[in-house]
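Peer 1: Have a peek at model-v6.cif (mmCIF, C-alpha atoms and all ligand atoms).
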```cif
data_coords
loop_
_atom_site.label_atom_id
_atom_site.label_comp_id
_atom_site.auth_asym_id
_atom_site.auth_seq_id
_atom_site.Cartn_x
_atom_site.Cartn_y
_atom_site.Cartn_z
CA MET Z 1 -89.46 21.29 -67.41
CA THR Z 2 -89.15 17.51 -67.44
CA GLN Z 3 -86.78 16.11 -64.87
CA HIS Z 4 -84.63 13.04 -65.20
CA ILE Z 5 -84.88 10.28 -62.66
CA GLY Z 6 -81.80 11.29 -60.62
CA THR Z 7 -83.07 14.84 -60.28
CA LYS Z 8 -86.40 13.49 -59.06
CA CYS Z 9 -84.59 11.36 -56.45
CA VAL Z 10 -82.97 14.46 -55.06
CA GLN Z 11 -85.67 17.08 -55.54
CA ALA Z 12 -89.17 15.64 -56.00
CA GLY Z 13 -91.89 15.53 -53.38
CA TYR Z 14 -90.93 18.39 -51.13
CA ARG Z 15 -90.22 22.04 -51.82
CA PRO Z 16 -89.74 24.27 -48.78
CA GLU Z 17 -91.74 27.45 -48.45
CA ASN Z 18 -89.85 30.72 -48.26
CA GLY Z 19 -87.73 30.44 -45.11
CA GLY Z 20 -88.85 26.85 -44.56
CA PRO Z 21 -86.57 23.99 -43.51
CA ARG Z 22 -84.45 22.65 -46.37
CA GLN Z 23 -84.87 19.02 -45.31
CA ILE Z 24 -88.30 17.42 -44.91
CA PRO Z 25 -89.59 18.25 -41.41
CA ILE Z 26 -90.54 15.33 -39.17
CA TYR Z 27 -94.13 15.98 -38.13
CA GLN Z 28 -93.90 13.93 -34.97
CA SER Z 29 -97.51 14.53 -34.01
CA THR Z 30 -100.51 12.25 -33.77
CA THR Z 31 -102.94 15.06 -34.35
CA PHE Z 32 -103.41 18.51 -35.90
CA ARG Z 33 -105.09 21.60 -34.47
CA TYR Z 34 -107.98 23.56 -36.01
CA ASP Z 35 -109.67 26.88 -35.10
CA ARG Z 36 -113.13 25.65 -35.97
CA GLY Z 37 -114.79 22.28 -35.46
CA GLU Z 38 -116.46 22.58 -38.87
CA SER Z 39 -113.06 22.38 -40.59
CA LEU Z 40 -112.47 19.06 -38.91
CA GLY Z 41 -115.93 17.87 -39.98
CA ASP Z 42 -115.09 18.65 -43.62
CA LEU Z 43 -111.93 16.59 -43.31
CA PHE Z 44 -113.82 13.66 -41.83
CA ASP Z 45 -116.32 13.85 -44.72
CA LEU Z 46 -113.49 13.91 -47.29
CA ASN Z 47 -114.80 17.28 -48.43
CA ALA Z 48 -111.50 19.00 -47.78
CA SER Z 49 -107.95 17.72 -47.86
CA GLY Z 50 -105.74 18.23 -44.86
CA TYR Z 51 -104.43 16.53 -41.79
CA PHE Z 52 -106.24 15.62 -38.64
CA TYR Z 53 -104.87 12.34 -37.34
CA SER Z 54 -101.64 10.61 -38.33
CA ARG Z 55 -103.26 7.18 -38.64
CA LEU Z 56 -104.78 8.46 -41.87
CA GLN Z 57 -102.21 10.90 -43.13
CA ASN Z 58 -99.13 12.74 -41.99
CA PRO Z 59 -97.25 15.47 -43.92
CA THR Z 60 -93.82 13.82 -43.55
CA ASN Z 61 -95.21 10.59 -44.96
CA ASP Z 62 -96.92 12.47 -47.79
CA PHE Z 63 -93.78 14.34 -48.89
CA VAL Z 64 -91.93 11.04 -49.19
CA ALA Z 65 -94.88 9.31 -50.89
CA ALA Z 66 -94.92 12.17 -53.41
CA LYS Z 67 -91.24 11.54 -54.22
CA ILE Z 68 -91.86 7.83 -54.85
CA THR Z 69 -94.94 8.68 -56.93
CA ALA Z 70 -92.82 11.01 -59.06
CA LEU Z 71 -90.14 8.32 -59.47
CA GLU Z 72 -92.69 5.76 -60.70
CA GLY Z 73 -94.46 8.35 -62.87
CA GLY Z 74 -97.78 7.82 -61.10
CA THR Z 75 -100.71 10.07 -60.23
CA ALA Z 76 -101.05 9.27 -56.51
CA GLY Z 77 -99.18 7.32 -53.87
CA MET Z 78 -99.07 6.47 -50.21
CA LEU Z 79 -96.71 4.96 -47.68
CA THR Z 80 -97.43 2.01 -45.42
CA SER Z 81 -95.62 0.66 -42.38
CA SER Z 82 -94.19 -2.30 -44.33
CA GLY Z 83 -94.03 -3.81 -47.78
CA GLN Z 84 -96.39 -6.54 -46.62
CA ALA Z 85 -99.00 -3.89 -45.69
CA ALA Z 86 -98.58 -2.26 -49.11
CA ILE Z 87 -99.19 -5.57 -50.89
CA PHE Z 88 -102.19 -6.38 -48.72
CA PHE Z 89 -103.76 -2.94 -49.19
CA ALA Z 90 -103.20 -2.86 -52.96
CA VAL Z 91 -104.75 -6.30 -53.48
CA PHE Z 92 -107.55 -5.94 -50.93
CA ASN Z 93 -108.47 -2.55 -52.43
CA THR Z 94 -109.52 -4.39 -55.60
CA ALA Z 95 -110.51 -7.87 -54.39
CA SER Z 96 -112.87 -8.73 -51.50
CA ALA Z 97 -114.40 -11.92 -50.13
CA GLY Z 98 -115.72 -13.98 -53.04
CA ASP Z 99 -113.22 -12.48 -55.51
CA HIS Z 100 -110.22 -14.05 -57.18
CA VAL Z 101 -106.70 -12.89 -58.06
CA VAL Z 102 -104.19 -14.32 -60.57
CA VAL Z 103 -100.68 -14.35 -59.08
CA SER Z 104 -97.22 -15.18 -60.38
CA SER Z 105 -95.78 -18.01 -58.33
CA ALA Z 106 -92.32 -16.38 -58.41
CA ILE Z 107 -92.92 -14.02 -55.50
CA TYR Z 108 -91.52 -13.16 -52.11
CA GLY Z 109 -92.30 -15.80 -49.45
CA GLY Z 110 -94.13 -13.27 -47.27
CA ALA Z 111 -96.42 -12.27 -50.14
CA PHE Z 112 -97.10 -15.92 -50.87
CA ASN Z 113 -98.13 -16.58 -47.25
CA LEU Z 114 -100.25 -13.42 -47.17
CA PHE Z 115 -102.21 -14.59 -50.22
CA ASN Z 116 -102.25 -18.33 -49.72
CA THR Z 117 -103.04 -18.35 -46.00
CA THR Z 118 -104.28 -15.07 -44.56
CA MET Z 119 -106.20 -13.61 -47.47
CA ARG Z 120 -107.75 -16.98 -48.25
CA ARG Z 121 -109.11 -16.84 -44.69
CA MET Z 122 -110.68 -13.52 -45.69
CA GLY Z 123 -112.44 -15.26 -48.56
CA VAL Z 124 -110.21 -14.14 -51.43
CA ASP Z 125 -109.21 -16.90 -53.85
CA PHE Z 126 -105.86 -17.06 -55.67
CA THR Z 127 -104.54 -18.94 -58.66
CA PHE Z 128 -100.75 -19.13 -58.91
CA VAL Z 129 -99.25 -19.31 -62.37
CA SER Z 130 -95.66 -19.62 -63.51
CA VAL Z 131 -93.89 -16.34 -64.20
CA ASP Z 132 -92.91 -18.02 -67.49
CA ALA Z 133 -96.54 -18.77 -68.41
CA THR Z 134 -97.54 -18.44 -72.04
CA GLU Z 135 -100.40 -16.15 -73.02
CA GLU Z 136 -102.75 -19.17 -73.22
CA GLU Z 137 -101.71 -20.41 -69.78
CA LEU Z 138 -102.23 -16.95 -68.30
CA ASN Z 139 -105.64 -16.61 -69.93
CA ALA Z 140 -106.65 -19.99 -68.56
CA ALA Z 141 -106.08 -18.81 -64.97
CA PHE Z 142 -108.85 -16.19 -65.10
CA LYS Z 143 -112.31 -16.68 -63.62
CA PRO Z 144 -115.42 -14.53 -63.91
CA ASN Z 145 -114.67 -13.15 -60.41
CA THR Z 146 -110.99 -12.29 -61.09
CA LYS Z 147 -110.28 -8.73 -59.93
CA ALA Z 148 -106.53 -8.30 -60.29
CA VAL Z 149 -103.26 -9.79 -61.49
CA TYR Z 150 -100.21 -9.65 -59.23
CA ALA Z 151 -96.53 -10.25 -59.98
CA GLU Z 152 -92.98 -9.10 -59.13
CA THR Z 153 -91.04 -7.23 -61.83
CA ILE Z 154 -87.88 -9.05 -60.65
CA SER Z 155 -88.75 -11.85 -58.26
CA ASN Z 156 -87.27 -12.28 -54.82
CA PRO Z 157 -85.18 -14.41 -54.54
CA SER Z 158 -85.13 -16.19 -57.93
CA THR Z 159 -84.63 -12.93 -59.92
CA ALA Z 160 -87.04 -14.03 -62.66
CA VAL Z 161 -87.93 -11.11 -64.93
CA LEU Z 162 -91.62 -10.48 -65.58
CA ASP Z 163 -92.83 -9.94 -69.15
CA ILE Z 164 -94.71 -6.85 -68.00
CA GLU Z 165 -96.22 -6.03 -71.40
CA LEU Z 166 -97.64 -9.52 -71.80
CA TRP Z 167 -99.07 -9.69 -68.27
CA ALA Z 168 -100.57 -6.19 -68.59
CA LYS Z 169 -102.14 -7.02 -71.94
CA VAL Z 170 -103.77 -10.19 -70.61
CA ALA Z 171 -104.95 -8.45 -67.41
CA HIS Z 172 -106.49 -5.64 -69.46
CA GLU Z 173 -108.22 -8.06 -71.84
CA HIS Z 174 -109.96 -9.42 -68.75
CA GLY Z 175 -110.80 -5.93 -67.49
CA VAL Z 176 -108.59 -6.00 -64.41
CA PRO Z 177 -105.45 -4.10 -63.32
CA LEU Z 178 -101.91 -5.47 -63.18
CA ILE Z 179 -100.37 -4.83 -59.77
CA VAL Z 180 -96.59 -5.24 -59.68
CA ASP Z 181 -94.11 -5.37 -56.85
CA ASN Z 182 -91.24 -3.25 -58.16
CA THR Z 183 -89.02 -3.57 -55.07
CA PHE Z 184 -85.97 -5.15 -56.70
CA PRO Z 185 -85.34 -3.01 -59.79
CA THR Z 186 -86.78 0.16 -58.16
CA PRO Z 187 -88.01 2.90 -60.54
CA ILE Z 188 -84.37 3.64 -61.34
CA ASN Z 189 -83.95 0.43 -63.34
CA CYS Z 190 -87.57 -0.24 -64.32
CA ARG Z 191 -90.70 1.88 -64.53
CA PRO Z 192 -93.53 -0.65 -64.93
CA PHE Z 193 -96.18 1.97 -65.81
CA GLU Z 194 -94.30 2.65 -69.05
CA TRP Z 195 -94.96 -1.02 -69.96
CA GLY Z 196 -98.65 -1.11 -69.01
CA ALA Z 197 -98.71 -2.01 -65.31
CA ASP Z 198 -101.40 -0.15 -63.38
CA ILE Z 199 -100.32 -0.17 -59.76
CA ALA Z 200 -96.87 -0.55 -58.21
CA VAL Z 201 -96.09 -1.64 -54.67
CA HIS Z 202 -92.77 -1.51 -52.89
CA SER Z 203 -91.04 -2.81 -49.86
CA THR Z 204 -89.17 0.43 -49.19
CA SER Z 205 -87.25 -1.51 -46.52
CA LYS Z 206 -84.95 -2.62 -49.33
CA TYR Z 207 -83.09 -0.44 -51.86
CA MET Z 208 -85.27 2.63 -51.36
CA ASP Z 209 -84.32 3.02 -47.72
CA GLY Z 210 -81.08 1.39 -48.74
CA HIS Z 211 -79.37 1.28 -45.37
CA GLY Z 212 -81.38 -1.33 -43.51
CA ALA Z 213 -82.71 1.38 -41.21
CA ALA Z 214 -86.51 1.39 -41.49
CA VAL Z 215 -89.15 -1.14 -42.53
CA GLY Z 216 -91.71 0.44 -44.84
CA GLY Z 217 -93.85 0.12 -47.93
CA ALA Z 218 -95.39 2.20 -50.70
CA ILE Z 219 -98.26 1.98 -53.18
CA VAL Z 220 -98.35 4.05 -56.36
CA ASP Z 221 -101.22 4.32 -58.83
CA SER Z 222 -100.48 4.99 -62.51
CA GLY Z 223 -103.93 6.56 -62.86
CA LYS Z 224 -104.33 4.66 -66.14
CA PHE Z 225 -106.80 2.00 -65.12
CA ASP Z 226 -110.39 2.96 -65.99
CA TRP Z 227 -112.38 1.63 -63.02
CA GLU Z 228 -115.59 3.17 -64.35
CA ALA Z 229 -115.28 1.18 -67.58
CA HIS Z 230 -115.42 -1.99 -65.45
CA LYS Z 231 -117.90 -0.63 -62.91
CA ASP Z 232 -119.48 -3.98 -62.09
CA LYS Z 233 -116.12 -5.49 -61.12
CA PHE Z 234 -115.03 -2.74 -58.74
CA PRO Z 235 -118.04 -1.65 -56.69
CA GLY Z 236 -115.73 -0.51 -53.88
CA LEU Z 237 -114.42 2.25 -56.12
CA THR Z 238 -117.46 2.97 -58.27
CA THR Z 239 -120.46 2.74 -55.90
CA PRO Z 240 -121.20 4.70 -52.70
CA ASP Z 241 -119.05 4.10 -49.62
CA GLU Z 242 -121.60 4.26 -46.81
CA SER Z 243 -118.82 4.74 -44.27
CA TYR Z 244 -118.22 8.14 -45.93
CA HIS Z 245 -121.85 9.24 -46.43
CA GLY Z 246 -122.08 7.70 -49.88
CA THR Z 247 -118.84 8.99 -51.41
CA ILE Z 248 -118.14 7.40 -54.79
CA TYR Z 249 -114.34 7.42 -55.08
CA THR Z 250 -114.07 7.43 -58.88
CA GLN Z 251 -116.57 10.26 -59.21
CA LYS Z 252 -115.34 12.43 -56.38
CA PHE Z 253 -111.58 11.98 -56.81
CA GLY Z 254 -111.24 10.97 -60.46
CA GLN Z 255 -109.39 8.12 -62.10
CA GLY Z 256 -105.98 9.34 -60.97
CA ALA Z 257 -106.75 9.54 -57.25
CA ALA Z 258 -109.67 7.16 -56.56
CA PHE Z 259 -107.57 4.09 -55.79
CA ILE Z 260 -105.18 5.74 -53.32
CA THR Z 261 -107.93 7.80 -51.68
CA LYS Z 262 -109.98 4.67 -50.99
CA CYS Z 263 -106.87 2.87 -49.78
CA THR Z 264 -106.16 5.73 -47.34
CA ALA Z 265 -109.68 6.60 -46.29
CA GLN Z 266 -110.85 3.02 -45.82
CA LEU Z 267 -107.97 0.60 -45.41
CA MET Z 268 -105.54 2.85 -43.55
CA ARG Z 269 -108.39 4.12 -41.39
CA ASP Z 270 -109.40 0.56 -40.50
CA PHE Z 271 -106.09 -1.33 -40.43
CA GLY Z 272 -103.81 1.50 -39.33
CA ALA Z 273 -100.58 0.29 -40.95
CA ILE Z 274 -99.13 3.81 -41.03
CA PRO Z 275 -95.37 4.39 -40.99
CA SER Z 276 -93.92 6.57 -38.26
CA PRO Z 277 -92.83 9.98 -39.56
CA GLN Z 278 -89.33 9.20 -38.26
CA ASN Z 279 -89.13 6.17 -40.52
CA SER Z 280 -90.48 8.12 -43.47
CA PHE Z 281 -87.83 10.77 -42.91
CA LEU Z 282 -85.13 8.07 -43.08
CA LEU Z 283 -86.73 6.70 -46.23
CA GLY Z 284 -86.72 10.16 -47.78
CA LEU Z 285 -83.03 10.51 -46.97
CA GLY Z 286 -82.31 7.14 -48.57
CA LEU Z 287 -84.22 8.06 -51.72
CA GLU Z 288 -82.01 11.10 -52.33
CA SER Z 289 -79.14 8.79 -53.33
CA LEU Z 290 -81.19 5.92 -54.80
CA HIS Z 291 -80.02 6.57 -58.38
CA LEU Z 292 -76.35 6.46 -57.34
CA ARG Z 293 -76.69 3.39 -55.16
CA ILE Z 294 -78.75 1.35 -57.63
CA LYS Z 295 -76.17 1.99 -60.33
CA ARG Z 296 -73.44 0.63 -58.06
CA HIS Z 297 -75.58 -2.30 -56.80
CA SER Z 298 -76.32 -3.30 -60.41
CA GLU Z 299 -72.70 -2.99 -61.55
CA ASN Z 300 -71.42 -4.95 -58.56
CA GLY Z 301 -74.15 -7.56 -59.07
CA GLN Z 302 -73.07 -8.03 -62.68
CA LYS Z 303 -69.37 -8.31 -61.77
CA ILE Z 304 -70.00 -10.81 -58.99
CA ALA Z 305 -72.39 -12.91 -61.10
CA GLU Z 306 -69.81 -13.12 -63.89
CA TRP Z 307 -67.06 -14.02 -61.42
CA LEU Z 308 -69.17 -16.71 -59.73
CA GLU Z 309 -70.07 -18.24 -63.07
CA ALA Z 310 -66.38 -18.82 -63.78
CA GLN Z 311 -65.72 -20.72 -60.51
CA ASP Z 312 -65.49 -24.54 -60.49
CA LYS Z 313 -67.04 -24.87 -57.07
CA VAL Z 314 -70.09 -22.83 -58.03
CA THR Z 315 -72.67 -25.21 -59.47
CA TRP Z 316 -75.11 -22.68 -60.89
CA VAL Z 317 -75.73 -18.90 -60.98
CA ASP Z 318 -79.06 -17.15 -61.55
CA PHE Z 319 -78.76 -13.51 -62.52
CA CYS Z 320 -80.81 -12.00 -65.31
CA GLY Z 321 -77.85 -9.91 -66.46
CA LEU Z 322 -75.91 -13.06 -67.43
CA LYS Z 323 -76.14 -14.21 -71.05
CA SER Z 324 -76.66 -17.74 -69.72
CA SER Z 325 -79.88 -16.67 -67.93
CA LYS Z 326 -83.16 -17.59 -69.55
CA TYR Z 327 -84.33 -14.12 -68.48
CA TYR Z 328 -81.51 -12.35 -70.33
CA PRO Z 329 -83.70 -11.29 -73.31
CA LEU Z 330 -86.41 -9.93 -70.98
CA ALA Z 331 -83.75 -8.17 -68.88
CA GLN Z 332 -82.37 -6.52 -72.03
CA LYS Z 333 -85.86 -5.25 -72.81
CA TYR Z 334 -87.09 -4.16 -69.39
CA LEU Z 335 -83.82 -3.51 -67.53
CA PRO Z 336 -81.40 -2.03 -70.07
CA ASN Z 337 -79.54 -0.02 -67.40
CA GLY Z 338 -79.03 -2.93 -65.02
CA ALA Z 339 -81.19 -5.26 -62.96
CA CYS Z 340 -80.43 -5.15 -59.25
CA GLY Z 341 -77.76 -6.44 -56.90
CA VAL Z 342 -79.31 -9.78 -56.02
CA VAL Z 343 -77.53 -12.85 -57.34
CA ALA Z 344 -78.61 -16.41 -56.56
CA PHE Z 345 -76.23 -19.35 -56.80
CA GLY Z 346 -75.39 -22.79 -55.51
CA VAL Z 347 -72.06 -24.23 -54.37
CA ARG Z 348 -70.75 -27.79 -54.34
CA GLY Z 349 -72.13 -29.86 -51.51
CA GLY Z 350 -75.77 -28.70 -51.83
CA ARG Z 351 -77.53 -27.54 -48.68
CA GLU Z 352 -74.56 -28.31 -46.40
CA GLY Z 353 -72.09 -26.76 -48.82
CA ALA Z 354 -74.19 -23.59 -48.77
CA GLN Z 355 -74.20 -23.43 -44.96
CA LYS Z 356 -70.44 -24.04 -44.77
CA PHE Z 357 -69.68 -21.46 -47.42
CA MET Z 358 -71.84 -18.84 -45.74
CA ALA Z 359 -70.26 -19.42 -42.33
CA ALA Z 360 -66.80 -18.85 -43.83
CA LEU Z 361 -67.61 -15.39 -45.19
CA LYS Z 362 -65.94 -12.54 -43.29
CA LEU Z 363 -66.98 -9.27 -44.92
CA VAL Z 364 -70.33 -10.47 -46.19
CA SER Z 365 -72.74 -11.15 -43.34
CA ILE Z 366 -75.64 -13.53 -42.89
CA VAL Z 367 -78.85 -11.53 -42.47
CA THR Z 368 -82.48 -12.02 -43.45
CA HIS Z 369 -82.45 -8.65 -45.11
CA VAL Z 370 -81.76 -8.02 -48.75
CA ALA Z 371 -80.94 -4.97 -50.83
CA ASP Z 372 -79.02 -2.73 -48.50
CA ALA Z 373 -75.68 -0.98 -48.77
CA ARG Z 374 -73.80 -3.81 -47.03
CA SER Z 375 -73.43 -7.13 -48.82
CA SER Z 376 -75.26 -10.02 -47.23
CA VAL Z 377 -76.17 -13.64 -47.83
CA LEU Z 378 -79.11 -15.81 -46.94
CA HIS Z 379 -80.22 -19.39 -47.41
CA PRO Z 380 -83.91 -18.90 -48.36
CA ALA Z 381 -84.96 -22.56 -48.05
CA SER Z 382 -84.13 -22.55 -44.34
CA THR Z 383 -85.23 -18.95 -43.58
CA THR Z 384 -87.54 -16.65 -45.62
CA HIS Z 385 -89.14 -19.55 -47.50
CA ARG Z 386 -89.06 -22.21 -44.79
CA GLN Z 387 -92.87 -22.30 -44.49
CA LEU Z 388 -93.13 -23.42 -48.10
CA THR Z 389 -93.41 -27.07 -49.08
CA ASP Z 390 -90.81 -28.50 -51.50
CA ALA Z 391 -93.29 -28.20 -54.36
CA GLU Z 392 -94.04 -24.58 -53.43
CA LEU Z 393 -90.29 -23.92 -53.22
CA VAL Z 394 -89.80 -25.19 -56.74
CA ALA Z 395 -92.72 -23.06 -57.98
CA ALA Z 396 -91.21 -19.98 -56.30
CA GLY Z 397 -87.90 -20.73 -58.02
CA VAL Z 398 -86.11 -21.50 -54.76
CA LYS Z 399 -83.71 -24.42 -55.03
CA PRO Z 400 -82.87 -26.10 -51.71
CA ASP Z 401 -79.18 -25.18 -52.10
CA MET Z 402 -79.84 -21.59 -53.20
CA ILE Z 403 -77.67 -18.88 -51.67
CA ARG Z 404 -79.19 -15.46 -52.12
CA PHE Z 405 -76.38 -12.96 -52.33
CA SER Z 406 -77.44 -9.35 -51.89
CA VAL Z 407 -74.54 -7.46 -53.40
CA GLY Z 408 -73.90 -4.16 -51.66
CA ILE Z 409 -72.11 -1.01 -52.73
CA GLU Z 410 -68.65 -1.89 -51.39
CA ASP Z 411 -65.71 -2.28 -53.79
CA ALA Z 412 -66.34 -5.38 -55.89
CA GLU Z 413 -62.70 -6.52 -55.52
CA ASP Z 414 -63.12 -6.84 -51.75
CA LEU Z 415 -66.33 -8.80 -52.11
CA ILE Z 416 -64.73 -11.16 -54.61
CA ALA Z 417 -61.76 -11.69 -52.25
CA ASP Z 418 -64.18 -12.67 -49.48
CA LEU Z 419 -66.11 -15.04 -51.75
CA GLU Z 420 -62.86 -16.56 -52.94
CA GLN Z 421 -61.57 -17.41 -49.45
CA ALA Z 422 -64.98 -18.80 -48.42
CA LEU Z 423 -65.24 -20.95 -51.56
CA ALA Z 424 -61.84 -22.42 -50.73
CA THR Z 425 -63.42 -24.00 -47.63
CA VAL Z 426 -66.05 -26.01 -49.51
C1 LIG Z 501 -89.11 -7.71 -48.45
C2 LIG Z 501 -90.07 -7.80 -49.55
C3 LIG Z 501 -91.44 -7.64 -49.29
C4 LIG Z 501 -91.99 -7.45 -47.90
O1 LIG Z 501 -91.67 -6.18 -47.44
P1 LIG Z 501 -91.49 -5.80 -45.89
O2 LIG Z 501 -91.09 -4.37 -45.96
O3 LIG Z 501 -90.46 -6.70 -45.31
O4 LIG Z 501 -92.82 -5.99 -45.25
C5 LIG Z 501 -92.29 -7.67 -50.37
N1 LIG Z 501 -91.84 -7.86 -51.62
C6 LIG Z 501 -90.53 -8.02 -51.91
C7 LIG Z 501 -90.09 -8.24 -53.31
C8 LIG Z 501 -89.61 -8.01 -50.87
O5 LIG Z 501 -88.31 -8.17 -51.16
#
```
Go ahead and render the structure in this file as structure tokens.
Ligand SMILES: *Cc1c(COP(=O)(O)O)cnc(C)c1O
Peer 2:
Amino acid sequence: MTQHIGTKCVQAGYRPENGGPRQIPIYQSTTFRYDRGESLGDLFDLNASGYFYSRLQNPTNDFVAAKITALEGGTAGMLTSSGQAAIFFAVFNTASAGDHVVVSSAIYGGAFNLFNTTMRRMGVDFTFVSVDATEEELNAAFKPNTKAVYAETISNPSTAVLDIELWAKVAHEHGVPLIVDNTFPTPINCRPFEWGADIAVHSTSKYMDGHGAAVGGAIVDSGKFDWEAHKDKFPGLTTPDESYHGTIYTQKFGQGAAFITKCTAQLMRDFGAIPSPQNSFLLGLGLESLHLRIKRHSENGQKIAEWLEAQDKVTWVDFCGLKSSKYYPLAQKYLPNGACGVVAFGVRGGREGAQKFMAALKLVSIVTHVADARSSVLHPASTTHRQLTDAELVAAGVKPDMIRFSVGIEDAEDLIADLEQALATV
């Protein structure tokens, strides 16, 4: 029986055994006991599936990963301790030293630093292209050693909408997967695999957790990318892994599970960015109401964006659900049920006006976080994106006076009243 997305939010991923606990149990244990040493040996050799040490896998984490995998419509998924770890693992699982990745420049500041600084130090090369790039411009960014394409479905904080079909088509013509960060729309508002994306990553710290309670990340594989068809490009997946006695991931685990198994067995084993089962439990709880919250976030976002656009003291508003947005047509195509609750705008007085306006808000608070139940504001140029140069800011779609408003699930009237009194001060 096919389930709709709301039913999956509530039910997918965990089904108690007869007499078992109704809610996902928190397996607060580093390790797991076995009667026979041989059983443990089989686990270490990847010849059996099971649990032995929580750095690699933990049942609580796996139940929650299974729910997110079901929401995205993927074949395999895993949790990580943060969104940053998820992005790093997903990209590093395809590209190593000497390889190259094509990246949309409209991405989260943390992802930009990860690629442009830390992963460059690991020998991976990146070419940043505009999220608005034409097919020719995208094609021109590829090199013989390109191993992946990376972009955000809705960018943080500029809320640019990715033309997923176009980016997937170009990636596939070059024999590489499209990895998307689907944090902002979540699978409730956009399911990138249905448009050709191959791998999705998430910062679950945002809408998925939804309450600002636990930092976390997730990676989901669509199972659609044929690694074997591009064997020469992805030796890590298609040739023996000597650290597992010559296991070939694509052959042993198949197209649907190779990517996540390698990511777990190799990268999680070696980097250890595992979430605590406590945090995964909180994430699971958040996911049960994701469909309800996202609906409200999107509706509130739309109301606030429309209200802001009508104010004299507001100089510009970026929200892909507004007809005035250049992303409106793409939003209609990819996000017919709503986009997200993040609205970017500027007020009179530029940078200083933004600071003054933010300080005058009473209900809406200033926090670095985005996408939780409580409305919040942030000035990206002086916080999340402050490591970027002015040119990099422009490329990331961050204007110096940009206020990023993360619209929560309060009553829109109360939020508008707060905005109104704060605007009166500028
Ligand atoms: C926050 C965020 C990240 C980073 O996730 P963390 O959980 O903070 O590590 C990555 N991508 C997007 C779009 C984000 O908003």
Peer 1: Using all atoms of stretch 293-307 of chain Z that appear in the file, construct an axis-aligned enclosing box with 6 Å of padding on every side and provide its centre coordinates and edge lengths in Å, rounded to one decimal, as JSON.
Peer 2:
```
{"center_x": -72.9, "center_y": -5.3, "center_z": -59.5, "size_x": 23.7, "size_y": 29.4, "size_z": 20.7}
```
Peer 1: Taking all atoms listed in the file into account, report as a tab-separated table (two decimals) with C-alpha atoms, in the coordinates of the input which residues have an atom no farther than 6 Å from an atom of ligand LIG 501 (chain Z).
Peer 2:
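Output below, filename part.tsv:
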```
chain	number	residue	atom	x	y	z
Z	82	SER	CA	-94.19	-2.30	-44.33
Z	83	GLY	CA	-94.03	-3.81	-47.78
Z	84	GLN	CA	-96.39	-6.54	-46.62
Z	108	TYR	CA	-91.52	-13.16	-52.11
Z	156	ASN	CA	-87.27	-12.28	-54.82
Z	183	THR	CA	-89.02	-3.57	-55.07
Z	203	SER	CA	-91.04	-2.81	-49.86
Z	205	SER	CA	-87.25	-1.51	-46.52
Z	215	VAL	CA	-89.15	-1.14	-42.53
Z	216	GLY	CA	-91.71	0.44	-44.84
Z	217	GLY	CA	-93.85	0.12	-47.93
```
Peer 1: So which one's closest to Z:Phe52, Z:Pro240, Z:Gly175, Z:Gly37, Z:Gly272? Using all atoms listed in the file, please.
Peer 2: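 Looking only at the distances to Z:Phe52, the closest residue turns out to be Z:Gly37.
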Peer 1: I need the residue nearest Z:Pro235 from this list: Z:Gln3, Z:Thr94, Z:Asn279, Z:Gln57. Use only C-alpha atoms for the distance.
Peer 2: Z:Thr94
Peer 1: Give me the residues near Z:Gln251 as a list in words, where near means some atom within 10 Å (using only C-alpha atoms) and where sequence neighbours in that chain fewer than 5 positions away do not count.
Peer 2: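 Counting only the stated atoms, we get Glu228, Leu237, Thr238, Thr239, Pro240 and Ala258 of chain Z.
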Peer 1: What is the distance between atom CA of Z:Glu136 and atom CA of Z:Met122, in Å to one decimal?
Peer 2: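 Atom CA of Z:Met122 lies at a distance of 29.2 Å from atom CA of Z:Glu136.
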Peer 1: Using only C-alpha atoms, can you tell me which of Z:His4, Z:Lys147, Z:Arg404, Z:Lys252 comes closest to Z:Gly301?
Peer 2: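 Looking at the shortest contact to Z:Gly301, the residue is Z:Arg404.
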Peer 1: Show me, as a ChimeraX atom specification, the residues that have an atom within 12 Å of Z:Glu137 when counting only C-alpha atoms, minus same-chain residues fewer than 5 positions from it.
Peer 2: /Z:102,104,127-132,142,166-167,170
Peer 1: Measure the distance from atom CA of Z:Lys262 to atom CA of Z:Ala141 in Å and round it to one decimal.
Peer 2: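 Taking atom CA of Z:Lys262 and atom CA of Z:Ala141, their separation equals 27.6 Å.
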Peer 1: For atom CA of Z:Phe253 and atom CA of Z:Gln266, determine how far apart the two atoms are, in Å to one decimal place.
Peer 2: 14.2 Å
Peer 1: So which one's closest to Z:Asp45, Z:Arg269, Z:Trp307, Z:Gly246, Z:Lys362? Using only C-alpha atoms, please.
Peer 2: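 The shortest atom-to-atom distance to Z:Asp45 comes from Z:Gly246.
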Peer 1: Please list as a PyMOL selection string every residue within 9 Å of stretch 373-377 of chain Z, counting only C-alpha atoms and excluding residues in the same chain fewer than 2 positions away.
Peer 2: chain Z and resi 207+210-212+293+297+358+363-371+379+403-410+415
Peer 1: Residues near Z:Lys295, anyone? I mean within 12 Å using only C-alpha atoms, not counting same-chain ones fewer than 3 positions away, as an MDAnalysis selection string.
Peer 2: chainID Z and resid 6 185:189 207 289:292 298:302 335:341 373 407:409
Peer 1: Z:Arg121, Z:Arg351, Z:His174, Z:Lys323: which is nearest Z:Leu138, counting only C-alpha atoms?
Peer 2: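 Closest to Z:Leu138 of all the choices is Z:His174.
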